[in-house]
Structures are given as C-alpha cells and as structure tokens.
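What follows is the content of query.pdb (PDB, C-alpha atoms, pLDDT in the B column).
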ATOM      1  CA  MET A 729      76.494  74.690 113.770  1.00 39.00           C
ATOM      2  CA  ASN A 730      73.438  73.609 111.813  1.00 40.00           C
ATOM      3  CA  TRP A 731      73.766  75.409 108.512  1.00 44.00           C
ATOM      4  CA  LYS A 732      71.997  74.047 105.510  1.00 46.00           C
ATOM      5  CA  SER A 733      74.439  72.910 102.848  1.00 51.00           C
ATOM      6  CA  LEU A 734      74.409  74.931  99.654  1.00 53.00           C
ATOM      7  CA  PHE A 735      74.708  71.702  97.703  1.00 49.00           C
ATOM      8  CA  ARG A 736      71.810  69.642  96.409  1.00 47.00           C
ATOM      9  CA  ALA A 737      73.227  66.520  94.747  1.00 47.00           C
ATOM     10  CA  ASP A 738      77.017  66.434  94.748  1.00 53.00           C
ATOM     11  CA  PRO A 739      78.775  63.346  93.351  1.00 60.00           C
ATOM     12  CA  HIS A 740      82.026  64.405  95.021  1.00 70.00           C
ATOM     13  CA  PRO A 741      82.867  64.001  98.716  1.00 78.00           C
ATOM     14  CA  THR A 742      81.472  66.775 100.884  1.00 88.00           C
ATOM     15  CA  PRO A 743      84.221  69.392 101.318  1.00 95.00           C
ATOM     16  CA  VAL A 744      85.408  69.892 104.891  1.00 96.00           C
ATOM     17  CA  MET A 745      87.081  72.952 106.397  1.00 97.00           C
ATOM     18  CA  VAL A 746      90.070  72.622 108.736  1.00 97.00           C
ATOM     19  CA  GLU A 747      88.857  71.683 112.213  1.00 96.00           C
ATOM     20  CA  GLY A 748      88.363  74.713 114.461  1.00 96.00           C
ATOM     21  CA  VAL A 749      88.635  77.158 111.528  1.00 98.00           C
ATOM     22  CA  ARG A 750      85.935  79.256 109.906  1.00 98.00           C
ATOM     23  CA  VAL A 751      86.597  81.070 106.615  1.00 98.00           C
ATOM     24  CA  TYR A 752      84.700  84.137 105.453  1.00 98.00           C
ATOM     25  CA  ALA A 753      85.346  84.425 101.691  1.00 98.00           C
ATOM     26  CA  ILE A 754      84.356  87.791 100.222  1.00 98.00           C
ATOM     27  CA  GLY A 755      83.684  88.519  96.555  1.00 98.00           C
ATOM     28  CA  ASP A 756      84.763  91.387  94.297  1.00 98.00           C
ATOM     29  CA  VAL A 757      84.590  94.762  96.102  1.00 98.00           C
ATOM     30  CA  HIS A 758      85.294  97.033  93.102  1.00 98.00           C
ATOM     31  CA  GLY A 759      85.646 100.357  94.868  1.00 98.00           C
ATOM     32  CA  ARG A 760      82.614 100.021  97.146  1.00 98.00           C
ATOM     33  CA  LEU A 761      84.048 100.938 100.536  1.00 98.00           C
ATOM     34  CA  ASP A 762      80.538 101.420 101.880  1.00 97.00           C
ATOM     35  CA  LEU A 763      79.637  97.803 101.175  1.00 97.00           C
ATOM     36  CA  LEU A 764      82.953  96.544 102.506  1.00 98.00           C
ATOM     37  CA  LEU A 765      82.373  98.328 105.821  1.00 98.00           C
ATOM     38  CA  GLU A 766      78.784  97.060 105.984  1.00 96.00           C
ATOM     39  CA  LEU A 767      79.901  93.497 105.381  1.00 97.00           C
ATOM     40  CA  ARG A 768      82.574  93.810 108.081  1.00 97.00           C
ATOM     41  CA  GLU A 769      79.812  94.625 110.549  1.00 96.00           C
ATOM     42  CA  ARG A 770      77.785  91.611 109.403  1.00 95.00           C
ATOM     43  CA  ILE A 771      80.827  89.394 109.942  1.00 96.00           C
ATOM     44  CA  LYS A 772      81.395  90.884 113.398  1.00 97.00           C
ATOM     45  CA  GLU A 773      77.793  90.117 114.300  1.00 95.00           C
ATOM     46  CA  ASP A 774      78.154  86.573 112.996  1.00 95.00           C
ATOM     47  CA  LEU A 775      81.293  86.002 115.062  1.00 96.00           C
ATOM     48  CA  ALA A 776      79.623  87.372 118.174  1.00 96.00           C
ATOM     49  CA  GLU A 777      76.641  85.076 117.713  1.00 95.00           C
ATOM     50  CA  HIS A 778      78.691  82.039 116.681  1.00 95.00           C
ATOM     51  CA  PRO A 779      82.182  82.158 118.258  1.00 96.00           C
ATOM     52  CA  VAL A 780      84.930  80.022 116.720  1.00 97.00           C
ATOM     53  CA  ASP A 781      88.518  79.163 117.645  1.00 95.00           C
ATOM     54  CA  HIS A 782      90.057  80.733 114.541  1.00 98.00           C
ATOM     55  CA  ALA A 783      88.409  82.826 111.831  1.00 98.00           C
ATOM     56  CA  ILE A 784      89.980  83.896 108.528  1.00 98.00           C
ATOM     57  CA  GLU A 785      88.813  86.528 106.051  1.00 98.00           C
ATOM     58  CA  VAL A 786      89.720  85.674 102.451  1.00 98.00           C
ATOM     59  CA  TYR A 787      89.122  88.472  99.936  1.00 98.00           C
ATOM     60  CA  LEU A 788      89.037  87.217  96.358  1.00 98.00           C
ATOM     61  CA  GLY A 789      90.520  90.256  94.600  1.00 98.00           C
ATOM     62  CA  ASP A 790      89.324  93.143  92.420  1.00 98.00           C
ATOM     63  CA  TYR A 791      89.329  95.825  95.114  1.00 98.00           C
ATOM     64  CA  ILE A 792      89.573  98.670  92.601  1.00 98.00           C
ATOM     65  CA  ASP A 793      87.805 100.032  89.496  1.00 98.00           C
ATOM     66  CA  ARG A 794      84.154 100.607  88.599  1.00 96.00           C
ATOM     67  CA  GLY A 795      83.027 101.782  92.048  1.00 96.00           C
ATOM     68  CA  PRO A 796      83.787 105.286  93.383  1.00 96.00           C
ATOM     69  CA  ALA A 797      86.259 104.602  96.217  1.00 98.00           C
ATOM     70  CA  SER A 798      89.151 102.494  94.943  1.00 98.00           C
ATOM     71  CA  ARG A 799      91.734 104.543  96.828  1.00 98.00           C
ATOM     72  CA  GLU A 800      89.815 104.300 100.076  1.00 98.00           C
ATOM     73  CA  VAL A 801      89.372 100.536  99.686  1.00 98.00           C
ATOM     74  CA  LEU A 802      93.113  99.971  99.295  1.00 98.00           C
ATOM     75  CA  GLU A 803      93.825 102.305 102.194  1.00 98.00           C
ATOM     76  CA  HIS A 804      91.347 100.367 104.316  1.00 98.00           C
ATOM     77  CA  PHE A 805      93.111  97.065 103.702  1.00 98.00           C
ATOM     78  CA  ILE A 806      96.508  98.613 104.415  1.00 98.00           C
ATOM     79  CA  THR A 807      95.608 100.430 107.639  1.00 98.00           C
ATOM     80  CA  SER A 808      92.682  98.591 109.257  1.00 97.00           C
ATOM     81  CA  ARG A 809      92.725  95.638 111.591  1.00 97.00           C
ATOM     82  CA  PRO A 810      90.999  92.491 110.353  1.00 97.00           C
ATOM     83  CA  VAL A 811      87.651  91.533 111.837  1.00 96.00           C
ATOM     84  CA  CYS A 812      88.886  87.938 112.154  1.00 98.00           C
ATOM     85  CA  ASN A 813      92.077  86.447 113.544  1.00 98.00           C
ATOM     86  CA  GLU A 814      93.614  86.573 110.089  1.00 97.00           C
ATOM     87  CA  ARG A 815      93.020  88.348 106.780  1.00 98.00           C
ATOM     88  CA  ILE A 816      94.196  87.220 103.354  1.00 98.00           C
ATOM     89  CA  CYS A 817      93.757  89.419 100.284  1.00 98.00           C
ATOM     90  CA  LEU A 818      94.197  87.719  96.911  1.00 98.00           C
ATOM     91  CA  LYS A 819      95.167  89.471  93.695  1.00 98.00           C
ATOM     92  CA  GLY A 820      92.541  90.040  91.020  1.00 98.00           C
ATOM     93  CA  ASN A 821      93.036  90.885  87.361  1.00 98.00           C
ATOM     94  CA  HIS A 822      92.189  94.529  88.053  1.00 98.00           C
ATOM     95  CA  GLU A 823      95.053  94.883  90.543  1.00 98.00           C
ATOM     96  CA  GLN A 824      97.375  93.212  88.039  1.00 98.00           C
ATOM     97  CA  THR A 825      96.237  95.584  85.290  1.00 98.00           C
ATOM     98  CA  LEU A 826      96.969  98.557  87.540  1.00 98.00           C
ATOM     99  CA  LEU A 827     100.496  97.208  88.029  1.00 98.00           C
ATOM    100  CA  ASP A 828     100.824  96.648  84.280  1.00 97.00           C
ATOM    101  CA  PHE A 829      99.860 100.287  83.696  1.00 97.00           C
ATOM    102  CA  LEU A 830     102.536 101.458  86.123  1.00 97.00           C
ATOM    103  CA  ASP A 831     105.084  99.644  83.945  1.00 97.00           C
ATOM    104  CA  ASP A 832     103.550 100.548  80.570  1.00 96.00           C
ATOM    105  CA  PRO A 833     101.347 103.656  80.128  1.00 94.00           C
ATOM    106  CA  ASP A 834      99.760 102.248  76.954  1.00 93.00           C
ATOM    107  CA  CYS A 835      98.055  99.572  79.095  1.00 94.00           C
ATOM    108  CA  LEU A 836      95.539 102.275  79.996  1.00 93.00           C
ATOM    109  CA  LYS A 837      93.964 101.827  76.545  1.00 90.00           C
ATOM    110  CA  HIS A 838      92.912  98.358  77.712  1.00 91.00           C
ATOM    111  CA  TRP A 839      92.295  99.156  81.389  1.00 93.00           C
ATOM    112  CA  ALA A 840      90.007 102.114  80.629  1.00 91.00           C
ATOM    113  CA  ARG A 841      87.542  99.821  78.870  1.00 90.00           C
ATOM    114  CA  TYR A 842      86.645  98.031  82.077  1.00 90.00           C
ATOM    115  CA  GLY A 843      86.702 100.557  84.870  1.00 92.00           C
ATOM    116  CA  GLY A 844      90.208 101.947  85.115  1.00 93.00           C
ATOM    117  CA  MET A 845      89.167 105.564  84.793  1.00 92.00           C
ATOM    118  CA  SER A 846      87.118 105.356  87.985  1.00 95.00           C
ATOM    119  CA  THR A 847      90.363 104.488  89.772  1.00 96.00           C
ATOM    120  CA  MET A 848      92.051 107.469  88.118  1.00 94.00           C
ATOM    121  CA  ARG A 849      89.291 109.713  89.463  1.00 94.00           C
ATOM    122  CA  ALA A 850      89.632 108.188  92.942  1.00 97.00           C
ATOM    123  CA  TYR A 851      93.250 109.362  92.990  1.00 97.00           C
ATOM    124  CA  GLY A 852      92.347 112.839  91.747  1.00 95.00           C
ATOM    125  CA  ILE A 853      93.559 112.363  88.182  1.00 91.00           C
ATOM    126  CA  SER A 854      92.130 114.639  85.534  1.00 76.00           C
ATOM    127  CA  GLU A 855      91.014 112.537  82.604  1.00 70.00           C
ATOM    128  CA  GLY A 856      92.287 112.747  79.045  1.00 64.00           C
ATOM    129  CA  ASN A 857      91.484 110.535  76.088  1.00 68.00           C
ATOM    130  CA  PRO A 858      93.040 107.217  77.154  1.00 67.00           C
ATOM    131  CA  MET A 859      92.950 105.944  73.574  1.00 72.00           C
ATOM    132  CA  THR A 860      95.936 108.070  72.536  1.00 84.00           C
ATOM    133  CA  SER A 861      99.496 107.294  73.615  1.00 86.00           C
ATOM    134  CA  ALA A 862     100.157 110.951  74.480  1.00 87.00           C
ATOM    135  CA  ALA A 863      97.154 111.041  76.808  1.00 87.00           C
ATOM    136  CA  CYS A 864      98.184 107.738  78.391  1.00 90.00           C
ATOM    137  CA  GLN A 865     101.626 109.173  79.074  1.00 91.00           C
ATOM    138  CA  GLY A 866     100.132 112.258  80.696  1.00 90.00           C
ATOM    139  CA  ILE A 867      97.720 110.280  82.863  1.00 92.00           C
ATOM    140  CA  HIS A 868     100.555 107.928  83.797  1.00 93.00           C
ATOM    141  CA  ARG A 869     102.685 110.845  85.038  1.00 93.00           C
ATOM    142  CA  GLN A 870      99.813 112.139  87.160  1.00 94.00           C
ATOM    143  CA  PHE A 871      98.938 108.729  88.523  1.00 95.00           C
ATOM    144  CA  THR A 872     102.454 107.682  89.480  1.00 96.00           C
ATOM    145  CA  ALA A 873     102.812 110.953  91.386  1.00 96.00           C
ATOM    146  CA  ALA A 874      99.499 110.430  93.212  1.00 97.00           C
ATOM    147  CA  PHE A 875      99.669 106.676  93.825  1.00 98.00           C
ATOM    148  CA  PRO A 876     101.167 106.040  97.285  1.00 98.00           C
ATOM    149  CA  ARG A 877     104.095 103.658  97.512  1.00 98.00           C
ATOM    150  CA  ALA A 878     102.213 101.698 100.194  1.00 98.00           C
ATOM    151  CA  HIS A 879      99.338 101.086  97.755  1.00 98.00           C
ATOM    152  CA  ARG A 880     101.724  99.807  95.096  1.00 98.00           C
ATOM    153  CA  THR A 881     103.482  97.534  97.591  1.00 98.00           C
ATOM    154  CA  PHE A 882     100.124  96.157  98.721  1.00 98.00           C
ATOM    155  CA  CYS A 883      99.099  95.307  95.145  1.00 98.00           C
ATOM    156  CA  GLU A 884     102.501  93.842  94.268  1.00 98.00           C
ATOM    157  CA  ASN A 885     102.564  91.519  97.271  1.00 98.00           C
ATOM    158  CA  LEU A 886      99.086  90.038  96.924  1.00 98.00           C
ATOM    159  CA  PRO A 887      99.095  86.230  96.555  1.00 98.00           C
ATOM    160  CA  THR A 888      97.060  84.666  93.752  1.00 98.00           C
ATOM    161  CA  SER A 889      95.603  81.734  95.688  1.00 98.00           C
ATOM    162  CA  ALA A 890      94.976  80.263  99.124  1.00 98.00           C
ATOM    163  CA  SER A 891      93.797  76.883 100.348  1.00 98.00           C
ATOM    164  CA  PHE A 892      92.234  75.647 103.562  1.00 98.00           C
ATOM    165  CA  GLY A 893      90.865  72.172 104.072  1.00 97.00           C
ATOM    166  CA  ASP A 894      89.053  70.951 100.972  1.00 97.00           C
ATOM    167  CA  TYR A 895      88.686  74.460  99.524  1.00 98.00           C
ATOM    168  CA  PHE A 896      90.899  76.368  97.090  1.00 98.00           C
ATOM    169  CA  PHE A 897      90.462  80.128  96.699  1.00 98.00           C
ATOM    170  CA  ALA A 898      91.409  82.155  93.615  1.00 98.00           C
ATOM    171  CA  HIS A 899      90.089  85.282  91.954  1.00 98.00           C
ATOM    172  CA  ALA A 900      89.055  83.813  88.600  1.00 98.00           C
ATOM    173  CA  GLY A 901      89.379  80.040  88.892  1.00 98.00           C
ATOM    174  CA  VAL A 902      91.806  77.334  87.796  1.00 98.00           C
ATOM    175  CA  ARG A 903      92.791  75.641  84.560  1.00 98.00           C
ATOM    176  CA  PRO A 904      91.205  72.169  84.395  1.00 97.00           C
ATOM    177  CA  GLY A 905      93.639  69.270  84.301  1.00 96.00           C
ATOM    178  CA  ILE A 906      96.478  71.190  85.988  1.00 97.00           C
ATOM    179  CA  PRO A 907      97.331  70.325  89.631  1.00 97.00           C
ATOM    180  CA  LEU A 908      96.382  73.112  92.018  1.00 98.00           C
ATOM    181  CA  ASP A 909      99.971  73.573  93.142  1.00 96.00           C
ATOM    182  CA  ALA A 910     101.056  74.058  89.502  1.00 98.00           C
ATOM    183  CA  GLN A 911      98.477  76.642  88.422  1.00 98.00           C
ATOM    184  CA  ASP A 912      99.656  79.672  86.451  1.00 98.00           C
ATOM    185  CA  ASP A 913      99.138  83.087  88.061  1.00 98.00           C
ATOM    186  CA  HIS A 914      97.579  84.451  84.869  1.00 98.00           C
ATOM    187  CA  ASP A 915      94.920  81.724  84.902  1.00 98.00           C
ATOM    188  CA  LEU A 916      94.215  82.246  88.594  1.00 98.00           C
ATOM    189  CA  MET A 917      93.460  85.913  87.888  1.00 98.00           C
ATOM    190  CA  TRP A 918      91.940  85.813  84.389  1.00 98.00           C
ATOM    191  CA  ILE A 919      90.526  82.433  83.323  1.00 98.00           C
ATOM    192  CA  ARG A 920      86.867  82.194  82.395  1.00 97.00           C
ATOM    193  CA  ARG A 921      85.391  79.912  79.741  1.00 97.00           C
ATOM    194  CA  GLU A 922      87.570  76.827  80.179  1.00 98.00           C
ATOM    195  CA  PHE A 923      87.028  76.887  83.931  1.00 98.00           C
ATOM    196  CA  LEU A 924      83.380  77.937  84.033  1.00 98.00           C
ATOM    197  CA  THR A 925      82.268  75.296  81.545  1.00 97.00           C
ATOM    198  CA  SER A 926      84.325  72.475  83.046  1.00 97.00           C
ATOM    199  CA  LYS A 927      82.570  69.667  84.909  1.00 95.00           C
ATOM    200  CA  LYS A 928      85.874  68.316  86.201  1.00 94.00           C
ATOM    201  CA  PHE A 929      86.551  68.081  89.906  1.00 95.00           C
ATOM    202  CA  HIS A 930      89.775  69.968  90.509  1.00 96.00           C
ATOM    203  CA  GLY A 931      90.927  68.150  93.637  1.00 96.00           C
ATOM    204  CA  LYS A 932      89.342  70.760  95.907  1.00 97.00           C
ATOM    205  CA  LEU A 933      86.208  72.877  95.679  1.00 97.00           C
ATOM    206  CA  ILE A 934      87.142  76.166  93.985  1.00 98.00           C
ATOM    207  CA  VAL A 935      85.807  79.401  95.504  1.00 98.00           C
ATOM    208  CA  HIS A 936      86.126  82.338  93.110  1.00 98.00           C
ATOM    209  CA  GLY A 937      84.794  85.646  91.846  1.00 98.00           C
ATOM    210  CA  HIS A 938      85.712  87.481  88.597  1.00 98.00           C
ATOM    211  CA  THR A 939      82.605  86.560  86.597  1.00 97.00           C
ATOM    212  CA  PRO A 940      79.566  88.590  87.721  1.00 96.00           C
ATOM    213  CA  ALA A 941      76.367  86.678  88.515  1.00 95.00           C
ATOM    214  CA  LYS A 942      72.933  87.705  89.747  1.00 91.00           C
ATOM    215  CA  GLN A 943      73.374  85.474  92.785  1.00 93.00           C
ATOM    216  CA  PRO A 944      76.036  83.084  94.073  1.00 95.00           C
ATOM    217  CA  GLU A 945      76.594  80.240  91.637  1.00 95.00           C
ATOM    218  CA  VAL A 946      76.924  76.861  93.318  1.00 94.00           C
ATOM    219  CA  ARG A 947      78.278  74.009  91.232  1.00 94.00           C
ATOM    220  CA  THR A 948      79.649  70.617  92.192  1.00 93.00           C
ATOM    221  CA  ASN A 949      83.199  71.801  91.527  1.00 96.00           C
ATOM    222  CA  ARG A 950      83.073  75.554  92.232  1.00 97.00           C
ATOM    223  CA  ILE A 951      81.249  78.411  93.971  1.00 97.00           C
ATOM    224  CA  ASN A 952      81.189  81.893  92.407  1.00 98.00           C
ATOM    225  CA  ILE A 953      80.484  84.794  94.785  1.00 97.00           C
ATOM    226  CA  ASP A 954      80.953  87.800  92.483  1.00 98.00           C
ATOM    227  CA  THR A 955      77.508  89.396  92.717  1.00 96.00           C
ATOM    228  CA  ARG A 956      78.449  92.618  90.876  1.00 96.00           C
ATOM    229  CA  ALA A 957      78.601  94.624  94.081  1.00 96.00           C
ATOM    230  CA  TYR A 958      79.608  97.861  92.398  1.00 96.00           C
ATOM    231  CA  ASP A 959      76.146  98.346  90.861  1.00 94.00           C
ATOM    232  CA  THR A 960      73.856  95.899  92.702  1.00 94.00           C
ATOM    233  CA  GLY A 961      74.837  96.927  96.213  1.00 95.00           C
ATOM    234  CA  ILE A 962      75.195  93.238  97.091  1.00 96.00           C
ATOM    235  CA  LEU A 963      78.628  92.207  98.326  1.00 97.00           C
ATOM    236  CA  THR A 964      78.561  88.493  99.101  1.00 97.00           C
ATOM    237  CA  CYS A 965      80.458  86.480 101.693  1.00 97.00           C
ATOM    238  CA  LEU A 966      80.618  82.678 101.728  1.00 97.00           C
ATOM    239  CA  VAL A 967      81.007  81.204 105.209  1.00 97.00           C
ATOM    240  CA  LEU A 968      82.736  77.826 105.512  1.00 97.00           C
ATOM    241  CA  GLU A 969      83.112  75.729 108.652  1.00 97.00           C
ATOM    242  CA  ASP A 970      83.384  71.972 109.115  1.00 96.00           C
ATOM    243  CA  GLU A 971      81.064  70.490 106.431  1.00 94.00           C
ATOM    244  CA  ALA A 972      78.739  73.494 106.368  1.00 94.00           C
ATOM    245  CA  GLN A 973      78.342  76.509 104.110  1.00 94.00           C
ATOM    246  CA  GLY A 974      76.473  79.735 104.743  1.00 94.00           C
ATOM    247  CA  LEU A 975      76.004  83.128 103.134  1.00 95.00           C
ATOM    248  CA  ILE A 976      76.216  86.680 104.428  1.00 95.00           C
ATOM    249  CA  ALA A 977      75.573  89.655 102.153  1.00 95.00           C
ATOM    250  CA  THR A 978      75.045  93.385 102.224  1.00 94.00           C
ATOM    251  CA  GLY A 979      71.562  94.716 101.613  1.00 82.00           C
ATOM    252  CA  PRO A 980      68.356  94.230 103.612  1.00 70.00           C
ATOM    253  CA  PRO A 981      68.997  92.414 106.905  1.00 60.00           C
ATOM    254  CA  GLY A 982      68.450  88.683 106.796  1.00 50.00           C
ATOM    255  CA  PRO A 983      69.684  85.479 108.401  1.00 45.00           C
ATOM    256  CA  SER A 984      73.342  84.701 107.834  1.00 47.00           C
ATOM    257  CA  ARG A 985      72.657  81.001 108.371  1.00 40.00           C
ATOM    258  CA  LEU A 986      70.756  79.089 105.743  1.00 35.00           C
ATOM    259  CA  ASP A 987      67.956  77.236 107.528  1.00 31.00           C
TER     260      ASP A 987
END
Kindly transcribe the structure held in the file into structure tokens.
Amino acid sequence: MNWKSLFRADPHPTPVMVEGVRVYAIGDVHGRLDLLLELRERIKEDLAEHPVDHAIEVYLGDYIDRGPASREVLEHFITSRPVCNERICLKGNHEQTLLDFLDDPDCLKHWARYGGMSTMRAYGISEGNPMTSAACQGIHRQFTAAFPRAHRTFCENLPTSASFGDYFFAHAGVRPGIPLDAQDDHDLMWIRREFLTSKKFHGKLIVHGHTPAKQPEVRTNRINIDTRAYDTGILTCLVLEDEAQGLIATGPPGPSRLD
C-alpha cells in the first residue's frame, strides 16, 4: 500500500497498525442510514481493490438522534452482517443519554436539547412538551413500549473504547494524564475541552468523533472524524493499515487513497 500519510510533521513515533490488519474507523452516524449504507459500499469497493488478511470496522458511537432514521440505524447494526471480518460499535454520549432516559424520564429535558426528539419520532412517538415532567412521563411510557428489547440490549452492551496497534479508539477522547487502561467511561463518551486543547501524547494516537468539524482534524496526538454527517451528508471513515492512513467518505466519488 502506498497511501500518503495524513501527518505533516509529527514529533512522536509514526503509529503502526497490527500487522495484517486494516481498520476502518467510522465517525458519528446520527440517524443517517442512507449515508451508513453508502459508506458500506465504499468500504466493500476498497476491500475488493485492496484485499487484506483481516479487516475491522470500528464505529465511534452516536448512531442515534438528529438524523431521521435512528431506529433503522440501530436495527441495521443488530441484524446486518459486517462488511469486514469483524465489527466493533463503541458507545457514544447519545446512546448513554437514551439509556439514562429509560431510567429517568426527566432526562428528556436535557436530551431533547440536542436531538433526542428526532429519535422519539423515529420510534413513532407523538411529541409533547419535553420541558415539563408530566410530558416527559408520558413520552417515556410511549417510548418504553415502542423501544425493542434488542435495541436496548445493543445500547447497553456497547464498549466505550477499543485499541489496535498504536491506535486507541473512543467516542469523545481521553483525559490527559490518565493511562489509557484507566480511563473513565464518562470521559470516553463526553470529554471535550481538556482533551481537544491538550498537546500531550497519550501513549497511543487517539481516534475519535463527538466534536463536529468541517473536515477531519489531524493532530499529532489525535484524529477527529466527526464531520457532522447528519446535515452535511459527509460520513467519514479513517483507514489504517501498517504505517499508512487513508480516508473514505460519502458524497461525490473520489479516491479512497490519498496520493
């Protein structure tokens, strides 16, 4: 493979993927089943053109909210076969907030402010005013009746991180100064400022989403691939193999390898 590295001047050792393994890391889907299916086809094409011994899909969380098809996205992950040899879905803060709402109806007052009502609509829930406790209780009753047990089990069992080679994958990032094997789940799903502004090397290169950007953000200690798919139509995939990095994305056709 002769992919151009995404890095320009990196003071840290070049990260290396496990030998014989290629990882396709996919950013925040947010209810866009159409983009998820399109990106699957792009990955299939990439695998056909560039075979590899073992390929792994790593989804970085936030499958629900904002976009129109949260239910269908979860159903897809539960029922479909992976494109690669293996598929890992990480938990995002939106999945955790859904679970929080199942335990406490008043959590909808918070969830509704950043896309929760689109998930309600995806499950056929008639909307009330989520700012009142009575309305939250009513929506909660409707949602728990409509939300399949398999969807809840899927969200409950999502891991919060994964690691392969010199890369560490999490939805939001990591807390600087804390060993990767001691990170708190809340930080892995929610952290922003302390992580995004840190220049520290965290022991491995962190691949994350959570914070929307106009294009993938490449730093010496992290790569952010949340390209706000729900309203840009661009769902981004970072491809990692050996010492190389590449990008695949939805949208107008273009080369998956960076020349």
key: Residue IDs satisfying the PyMOL selection byres ((chain A and resi 768-774) around 9), as a ChimeraX atom specification   = /A:752,763-767,775-779,810-812,965,976-978,984
request  = For region 870-879 of chain A, please output as a ChimeraX atom specification all residues within 12 Å (counting all atoms listed in the file; exclusion window: fewer than 5 positions along the same chain).
outcome  = /A:791-792,798-807,823,826-827,829-833,836,844-845,847-856,863-865,884-886
May I have the selected residues written with C-alpha atoms, as a PDB file, in the frame of the given file?
ATOM      1  CA  TYR A 791      89.329  95.825  95.114  1.00 98.00           C
ATOM      2  CA  ILE A 792      89.573  98.670  92.601  1.00 98.00           C
ATOM      3  CA  SER A 798      89.151 102.494  94.943  1.00 98.00           C
ATOM      4  CA  ARG A 799      91.734 104.543  96.828  1.00 98.00           C
ATOM      5  CA  GLU A 800      89.815 104.300 100.076  1.00 98.00           C
ATOM      6  CA  VAL A 801      89.372 100.536  99.686  1.00 98.00           C
ATOM      7  CA  LEU A 802      93.113  99.971  99.295  1.00 98.00           C
ATOM      8  CA  GLU A 803      93.825 102.305 102.194  1.00 98.00           C
ATOM      9  CA  HIS A 804      91.347 100.367 104.316  1.00 98.00           C
ATOM     10  CA  PHE A 805      93.111  97.065 103.702  1.00 98.00           C
ATOM     11  CA  ILE A 806      96.508  98.613 104.415  1.00 98.00           C
ATOM     12  CA  THR A 807      95.608 100.430 107.639  1.00 98.00           C
ATOM     13  CA  GLU A 823      95.053  94.883  90.543  1.00 98.00           C
ATOM     14  CA  LEU A 826      96.969  98.557  87.540  1.00 98.00           C
ATOM     15  CA  LEU A 827     100.496  97.208  88.029  1.00 98.00           C
ATOM     16  CA  PHE A 829      99.860 100.287  83.696  1.00 97.00           C
ATOM     17  CA  LEU A 830     102.536 101.458  86.123  1.00 97.00           C
ATOM     18  CA  ASP A 831     105.084  99.644  83.945  1.00 97.00           C
ATOM     19  CA  ASP A 832     103.550 100.548  80.570  1.00 96.00           C
ATOM     20  CA  PRO A 833     101.347 103.656  80.128  1.00 94.00           C
ATOM     21  CA  LEU A 836      95.539 102.275  79.996  1.00 93.00           C
ATOM     22  CA  GLY A 844      90.208 101.947  85.115  1.00 93.00           C
ATOM     23  CA  MET A 845      89.167 105.564  84.793  1.00 92.00           C
ATOM     24  CA  THR A 847      90.363 104.488  89.772  1.00 96.00           C
ATOM     25  CA  MET A 848      92.051 107.469  88.118  1.00 94.00           C
ATOM     26  CA  ARG A 849      89.291 109.713  89.463  1.00 94.00           C
ATOM     27  CA  ALA A 850      89.632 108.188  92.942  1.00 97.00           C
ATOM     28  CA  TYR A 851      93.250 109.362  92.990  1.00 97.00           C
ATOM     29  CA  GLY A 852      92.347 112.839  91.747  1.00 95.00           C
ATOM     30  CA  ILE A 853      93.559 112.363  88.182  1.00 91.00           C
ATOM     31  CA  SER A 854      92.130 114.639  85.534  1.00 76.00           C
ATOM     32  CA  GLU A 855      91.014 112.537  82.604  1.00 70.00           C
ATOM     33  CA  GLY A 856      92.287 112.747  79.045  1.00 64.00           C
ATOM     34  CA  ALA A 863      97.154 111.041  76.808  1.00 87.00           C
ATOM     35  CA  CYS A 864      98.184 107.738  78.391  1.00 90.00           C
ATOM     36  CA  GLN A 865     101.626 109.173  79.074  1.00 91.00           C
ATOM     37  CA  GLU A 884     102.501  93.842  94.268  1.00 98.00           C
ATOM     38  CA  ASN A 885     102.564  91.519  97.271  1.00 98.00           C
ATOM     39  CA  LEU A 886      99.086  90.038  96.924  1.00 98.00           C
TER      40      LEU A 886
END
inquiry  = Report as a count of residues only all protein, DNA and RNA residues lying within 9 Å of region 932-940 of chain A, evaluated on only C-alpha atoms, omitting residues in the same chain fewer than 6 positions from it.
reply    = 37
ask   = Do you know which residues lie at most 9 Å from (85.5, 100.9, 87.2), with coordinates as in the file and all atoms listed in the file counted, and could you write them as a count of residues only?
value = 17
key: Point-to-point distance from CA of His782 (chain A) to CA of Glu747 (chain A), Å rounded to tenths   = 9.4 Å
query = Which distance in Å separates CA of Tyr787 (chain A) and CA of Ile867 (chain A), to one decimal?
reply =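 Atom-to-atom, CA of Tyr787 (chain A) to CA of Ile867 (chain A), that is 29.0 Å.
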How big is the axis-aligned box around all listed atoms of region 738-750 of chain A once 3 Å goes on each side, and where's its centre, in Å to one decimal, as JSON?
{"center_x": 83.5, "center_y": 71.3, "center_z": 103.9, "size_x": 19.1, "size_y": 21.9, "size_z": 27.1}
inquiry  = Rounded to one decimal, what separation in Å do you get between CA of Asp762 (chain A) and CA of Asp913 (chain A)?
reply    =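 For CA of Asp762 (chain A) relative to CA of Asp913 (chain A), the distance reads 29.5 Å.
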query = Could you spell out the hits of the PyMOL selection byres ((chain A and resi 748) around 7) on the shown file, as a list in words?
reply =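 Taken over the shown coordinates, the PyMOL selection byres ((chain A and resi 748) around 7) returns Val746, Glu747, Val749, Arg750, Val780, Asp781 and His782 of chain A.
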Let's have the selection written as a PDB file, in the coordinates of the input, with C-alpha atoms.
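Done, and the output landed in selection_28.pdb:
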ATOM      1  CA  VAL A 746      90.070  72.622 108.736  1.00 97.00           C
ATOM      2  CA  GLU A 747      88.857  71.683 112.213  1.00 96.00           C
ATOM      3  CA  VAL A 749      88.635  77.158 111.528  1.00 98.00           C
ATOM      4  CA  ARG A 750      85.935  79.256 109.906  1.00 98.00           C
ATOM      5  CA  VAL A 780      84.930  80.022 116.720  1.00 97.00           C
ATOM      6  CA  ASP A 781      88.518  79.163 117.645  1.00 95.00           C
ATOM      7  CA  HIS A 782      90.057  80.733 114.541  1.00 98.00           C
TER       8      HIS A 782
END
task = Within 8 Å of (93.8, 103.8, 73.3) (coordinates as in the file), grab all the protein and nucleic acid residues, counting all atoms listed in the file, and write them out as a list in words.
result =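 With a cut-off of 8 Å, the residues come to Asp834, Leu836, Lys837, His838, Asn857, Pro858, Met859, Thr860, Ser861 and Cys864 of chain A.
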message = When you count all atoms listed in the file, which of these residues is closest to His914 (chain A): A:Cys835, A:Thr888, A:Asp959, A:Met745?
response = A:Thr888
ask   = Pick the closest to Ala972 (chain A) from A:Thr742, A:Asn813, A:Thr925, A:Ser889: which is it, counting only C-alpha atoms?
value =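 The closest residue to Ala972 (chain A) is A:Thr742.
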